[in-house]
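All remarks here apply to the structure that follows.
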Amino acid sequence: MKLTISQLSKQYPRSVWGLRDFDLELVPGVIGLLGPNGAGKSTLMQILATVVLPSAGTVKWNDADILKSPDTLRAVLGYLPQDFGVYPNLTAVEFLEYMAAIKGMDAKSARSRIEELLVVLNLTLAAKRPLGGYSGGMKQRVGIAQALLNDPQLLIVDEPTVGLDPEERVYFRSLLSDLSGERIIILSTHIVSDVEAAATEIVLINQGRKIQHAAPENLLAQLDGKVWQWTIPSYELPTLKQKYLVSGIIRRENLIQVRVVSDASPSPEAQALSPSLEDAYLHLMQNGDKS
Amino acid sequence: MNALRVLYHLTRADFLERVRRYSFLITLGLALFLGYSIASGQLTLVVGQHYRGMLNSAWVGGLMSAMVNFFLGLFGFYLVKGSVSRDYKTGVGQIMAATQLKRPIYTVAKWMSNFAVLGAMVVVLMAVAVVMQTLFREAPVIQWWALLTPFLWLVLPFMAFTAALAVLFETIAGLRGGVGNVFYFFSFIIVVTALSAAVWLGASPALDLMGMGILSRSMGQAAQAVYPNYDGSFRITWLVPQFQIFRWDGIDWTPEIILSRLALIFVSIGIAALSALFFDRFAPARSQPSRRMENASDSPAPAPALEAAPRSNLVLTPLPAARARFRFGALFAAELKLLLKGQRWWWYLVAAGLLLAQLCAPLKSVHSLLIASWLWHLLRLSKLGCRETVYNTRQMIFSAPRPLANQLPAAWLSAFAVTALLGSGALMRFLLAGETFSLLGWLTGALFIPSLALALGALTGSSKAFEALYVLWMYLLSQKVPAFDFIGLTPQSPLSAYVLLSLLLLCLAFISRSTMKIKTMR
């Protein structure tokens with residue numbers, strides 16, 4: 001099972017590039033696609049989900065070109081778009097039955113899978129209510145359910161935790177971990193903690209280009225001995241920000257505890273810390289290293 | 001002063017948002033087409049059975065004003081309605097609701113923006129009027145006052161009124177959707193024509209919203225002076241007779257007429273301001289529909305979340321290998337459920353009553369009952385082809401295998417099935433009576449209606465175009481206008497052309513769907 005992206009580009013009108021010369025090879029696991037808003041994550045997701053055509057490049061699913069024969073991938077694809085709707089007069093069961101029919105599932109498999117998904121996503125009690133009355137989190141769970149209907153080998157989830165409360169967000173992260181195994185899961189987000197919790201590999205993207213593709217531990221290793229923490233008076237913060245990459249601050253009355261990424265110790269009082277993924281993300285986004 | 005500034009910026013932003021849309025160009029194109037139809041004589045005004053005025057500035061201005069008021073009064077409403085709904089959908093309304101914005105300011109700004117859009121179309125048609133008079137050369141000297149005053153005193157006040165009604169309908173929850181669209185059509189036909197007729201019979205011009213009574217009275221008097229046999233009738237028609245010409249120098253703009261037209265503008269502003277009373281200021285709690293409306297508006301009231309986030313670990317049973325074998329029957333059943341879901345019991349009761357009436361009524365009434373039955377599912381059909389856009393499910397559906405080849409035919413077939421079922425009483429009657437032409441007409445109608453709905457929905461991404469056009473089509477069909485007869489009501493009915501048109505519409509739906517902004521890979 002392999003997804004190969006080669007020289008993929010997407011150009012929008014007025015010479016705006018959504019994606020530029022993007023190369024990537026993915027194998028089973030949870031791949032966190034991390035980048036700021038407007039980095040090109042959703043464009044990449046939509047191309048991989050076969051709903052948008054690229055301007056150039058190829059995408060291969062197990063050596064089959066999905067731009068030429070998208071149905072090869074669609075049969076094993078589960079997709080949760082960033083922004084999606086539901087039919088408000090249908091119940092969760094009816095909506096999932098509709099989506100199962102659209103995906104071409106047989107009746108028996110569809111029925112048992114819907115029952116199973118309603119249980120694991122805790123939608124059983126609301127299953128017979130019209131979707132128009134669902135909360136944002138419940139609708140998101142219905143979206144997750146439709147993505148999992150056909151037991152997808154490639155699961156694409158685009159900004160799945162936006163609009164979820166903290167409890168639901170924690171659940172969703174563990175759900176992705178539970179689902180990993182013999183499938184490729186692409187999790188697109190700009191929330192570092194989501195990726196930190198679930199991803200086995202991380203792809204950093206900015207301005208339509210790949211910045212880095214590495215395992216989380218390798219990203220963290222790049223910052224070993226480069227993250228520092230100490231306390232400064234509040235008025236020193238603007239000067240410090242001009243000199244160093246500040247990756248975190250905590251206010252303490254008139255003082256501020258700062259977290260800084262720097263090759264050398266920035267202050268005699270600074271203590272070296274273990275790097276976090278957020279430190280690595282900010283560092284790589286600022287430096288724009290390509291690998 | 002600040003209120004005026006707010007009003008200006010609200011109107012400006014709303015107007016710019018609309019005119020920068022691709023659909024506005026289509027709207028202007030339609031206005032040009034209307035102008036061309038009039039200028040080329042395909043659509044005209046007939047006084048009596050076969051009289052028309054010499055094509056001088058007064059007649060061209062009067063003719064164009066009558067046409068603009070009739071067609072823009074009817075379709076302009078559908079074109080401008082939707083501005084408030086857009087603020088609901090985009091969430092801009094929520095942002096505005098959190099400001100100090102006053103409701104009357106908002107509704108009056110929406111009226112001004114509606115009026116500006118309609119005004120832009122009127123300007124296009126004024127230009128067509130000038131070109132028309134120049135080309136025909138029956139009276140080559142353009143008299144600007146005579147040409148433009150009908151636009152100024154008849155068209156603009158009525159456009160102001162239409163713009164205000166669009167705001168009013170959008171602020172009343174029950175009239176915001178398809179029900180309001182259908183209600184407007186029949187109200188327009190009945191109320192406006194009745195008032196114009198009253199003015200023609202001598203009532204005050206203040207009652208003549210469209211100005212048609214003022215025009216017909218003035219033109220009729222000029223015709224009668226030349227042709228004493230003039231029968232008093234006045235109509236817009238597609239069937240152009242051999243004309244006899246008379247000279248008409250325009251309306252005598254008395255202070256009474258001018259005051260009544262100015263009053264209509266003030267009434268329009270009043271309606272726009274009064275709409276604020278019904279406007280919920282984007283607060284869902286205030287606009288929470290009644291149980292009855294809830295079902296009519298496709299948006300069930302929010303219910304409290306019954307369940308908290310799930311806690312169990314996710315372990316899914318693997319599916320058997322033969323999972324992706326496509327079943328058209330299942331998709332057809334799912335589309336059928338989607339089409340019919342959400343209707344109240346009385347909808348089915350009326351549908352059953354109409355079906356029973358088709359079976360029991362005298363044969364000569366069956367066609368009329370068939371028209372009523374096929375009009376009854378208008379609001380269901382109007383979602384065809386655009387449901388995925390309206391409810392934002394496109395990405396999920398288009399990422400499924402063969403969305404064009406599977407989902408679109410299933411959606412069409414479900415609409416065909418419902419149309420056929422609603423007209424099945426008439427089908428049995430025609431079969432039993434051996435009425436071959438009526439049978440062919442029935443079949444043509446059952447093919448044409450879902451094809452029209454699917455094509456318009458896929459093309460426009462909205463239900464409004466079908467709702468407006470289909471009601472007009474069915475109205476003209478009920479009036480037995482042969483060109484609009486797709487069910488074999490008249491002997492001249494062009495059934496074969498409608499079969500061809502149905503196929504073209506289906507092709508159009510497929511092409512439109514495949515070239516949507518979110519490009520599907522086939």
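Residue numbers start at 1 in each chain; chains themselves are named A, B, ... in the order of the structure tokens; ligands are numbered from 1 in the order shown.
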
| query | Where in stretch 69-191 of chain A does DSSP assign strand (DSSP E or B), given as a VMD selection string? | reply | chain A and resid 77 to 80 91 130 154 to 158 181 183 to 189

| said: Could you list, as a PyMOL selection string, every residue within 8 Å of A:Lys210, counting only C-alpha atoms and ignoring same-chain residues fewer than 2 positions away? | reply: chain A and resi 22-23+203-206+208+212-213+290-291

Quick one: which stretch 115-184 of chain B residues come within 12 Å of stretch 363-382 of chain B, and what is the nearest atom pair for each with the distance in Å to one decimal, counting only C-alpha atoms, rows ordered by chain and ascending number, as CSV?
```
residue,atom,partner,partner_atom,distance
B:Gly177,CA,B:Leu379,CA,9.1
B:Gly178,CA,B:Leu379,CA,6.0
B:Val179,CA,B:Leu379,CA,7.6
B:Gly180,CA,B:Leu379,CA,10.7
B:Asn181,CA,B:Leu379,CA,9.7
B:Val182,CA,B:Leu378,CA,9.0
```

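Atom to atom, atom CA of B:Ala198 and atom CA of B:Arg217 stand 10.8 Å apart.
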
| field | Using only C-alpha atoms: which of B:Arg261, B:Val84, B:Leu422, B:Glu17 has the shortest distance to B:Phe151 | value |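 Closest candidate: B:Arg261.
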
| message | For the helix (DSSP H, G or I) assignment from backbone DSSP, which residues of stretch 138-273 of chain A qualify? Please present them as a ChimeraX atom specification. | response | /A:138-148,166-179,192-198,216-221,234-243

| said: Could you tell me which residues of chain A sit within 7 Å of chain B when counting only C-alpha atoms, and give me the result as a PyMOL selection string? | reply: chain A and resi 49-53+70-71+74-75+79+81+84-90+98+101-106+109+120-122+126+132-135+151+167-168+171+175+178

| said: Would you pick out the contacts of B:Ser204 at 10 Å or less, using only C-alpha atoms, so that residues sharing its chain but fewer than 2 positions from it are not included, and give the list as a ChimeraX atom specification? | reply: /B:195,198-202,206-208,213-214,256-257,260

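For the pair atom CA of B:Val471 and atom CA of B:Phe186, the interatomic distance is 8.9 Å.
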